[in-house]
Amino acid sequence: MKTTTLILIFWAVIAWGQEASRHVWMEEPRATDEGLIYALEIDDFSDVLAIEVDLLHDSQQAPVLKVRQKAILRGFITVDNVIGDTLKIVLARAVALGGSGTFAEVEIENPGVATELGFVRVTLNAGQIPVEYEQVIPDVGMNPPSIDAGDFDSSGVVDFSDFFLFADHFGGAAGNPGFDSLFDMDEDGEIGFSDFFLFADHFGTVYR
């Protein structure tokens, strides 16, 4: 059942193919009693099943308080600290919707002084839909993927044999029986949907 569900989502994500470029941006923050809320916006949600966003923020000066989904992409969500001050947000749903608007809100503690919050990386449908956004460069480098990312069986190509290996380990966590860090592509200690979308991004890659 777990493998069947992953196959359905996998094909839905990669089947759309290349489309017109979309624009993702961040609105000016609005103040609340607790902090500052930044709305993450997209200009066209047609055919978008998954959004993966890496945000740079100052965890000491302005820690993240909350991350909220909005109705335009109500479904699955994960939020993880990837490395240092980089926050990874993955949102996905089974059925694509149209329209435009806010897909998530990020609330940070109000530092009382100017602070930086910006996009390090944004992907739509695991890279299948091109996207434009204003990028910031973190001071500390993000974890790069391994040279043969996704090629779990070392065959030189990322294909369905790798997918079924990944599906067998999906849901594992560090410290649990059977956990294999090879499939934890974002190195967060869990083999989840953020790893799944990284794998989908590399599917079809020929390394040698």
# chains A, B, ... in the order shown; residues from 1 in each chain; ligands from 1
call {"tool": "residues_around", "arguments": {"residues": "stretch 179-194 of chain A", "least_positions_apart": "5", "cutoff": "7 Å", "atoms": "only C-alpha atoms", "output": "list in words"}}
result
Val82, Val90, Phe166, Phe170, Gly171, Gly172, Ala173 and Ala174 of chain A
call {"tool": "write_last_selection", "arguments": {"atoms": "N, CA and C atoms", "output": "short mmCIF file (atom, residue, chain, number, x, y, z; two decimals), in the first residue's frame"}}
result
data_model
loop_
_atom_site.label_atom_id
_atom_site.label_comp_id
_atom_site.auth_asym_id
_atom_site.auth_seq_id
_atom_site.Cartn_x
_atom_site.Cartn_y
_atom_site.Cartn_z
N VAL A 82 17.29 22.52 7.76
CA VAL A 82 18.20 21.74 6.94
C VAL A 82 19.62 21.88 7.45
N VAL A 90 8.12 21.83 2.69
CA VAL A 90 7.62 21.03 1.58
C VAL A 90 6.11 20.93 1.70
N PHE A 166 13.94 2.89 -2.57
CA PHE A 166 13.56 4.03 -1.74
C PHE A 166 12.22 3.77 -1.06
N PHE A 170 11.00 4.09 2.89
CA PHE A 170 10.21 5.30 3.16
C PHE A 170 9.54 5.21 4.53
N GLY A 171 9.61 6.29 5.29
CA GLY A 171 9.02 6.33 6.62
C GLY A 171 9.98 5.99 7.74
N GLY A 172 11.20 5.58 7.39
CA GLY A 172 12.19 5.24 8.42
C GLY A 172 12.73 6.47 9.12
N ALA A 173 13.26 6.26 10.32
CA ALA A 173 13.82 7.36 11.10
C ALA A 173 15.06 6.87 11.83
N ALA A 174 16.01 7.78 12.03
CA ALA A 174 17.25 7.44 12.72
C ALA A 174 16.95 6.84 14.08
#
call {"tool": "residues_around", "arguments": {"residues": "A:Leu65", "least_positions_apart": "5", "cutoff": "7 Å", "atoms": "only C-alpha atoms", "output": "list in words"}}
result
Glu107, Ile108 and Glu109 of chain A
call {"tool": "atom_distance", "arguments": {"atom1": "atom CA of A:Glu28", "atom2": "atom CA of A:Pro63"}}
result
17.5 Å
call {"tool": "atom_distance", "arguments": {"atom1": "atom CA of A:Asp33", "atom2": "atom CA of A:Thr102"}}
result
21.3 Å
call {"tool": "atom_distance", "arguments": {"atom1": "atom CA of A:Glu41", "atom2": "atom CA of A:Phe196"}}
result
23.6 Å
call {"tool": "residues_around", "arguments": {"residues": "A:Phe152", "least_positions_apart": "5", "cutoff": "10 Å", "atoms": "only C-alpha atoms", "output": "PDB file with C-alpha atoms, in the first residue's frame"}}
result
ATOM      1  CA  VAL A 157      21.275   5.651 -13.623  1.00  0.00           C
ATOM      2  CA  VAL A 158      18.412   6.752 -11.353  1.00  0.00           C
ATOM      3  CA  ASP A 159      15.529   4.509 -12.380  1.00  0.00           C
ATOM      4  CA  SER A 161      14.961  -0.089  -9.307  1.00  0.00           C
ATOM      5  CA  ASP A 162      16.149   2.854  -7.188  1.00  0.00           C
ATOM      6  CA  PHE A 163      12.555   3.981  -6.664  1.00  0.00           C
ATOM      7  CA  PHE A 164      11.498   0.611  -5.242  1.00  0.00           C
ATOM      8  CA  LEU A 165      14.535   0.570  -2.952  1.00  0.00           C
ATOM      9  CA  PHE A 166      13.556   4.031  -1.743  1.00  0.00           C
ATOM     10  CA  LEU A 182      21.611   6.321   2.250  1.00  0.00           C
ATOM     11  CA  PHE A 183      17.943   7.111   1.591  1.00  0.00           C
TER      12      PHE A 183
END
call {"tool": "closest_residue", "arguments": {"among": "A:His169, A:Gln69, A:Val48, A:Val24", "to": "A:Gln135", "atoms": "only C-alpha atoms"}}
result
A:Val24
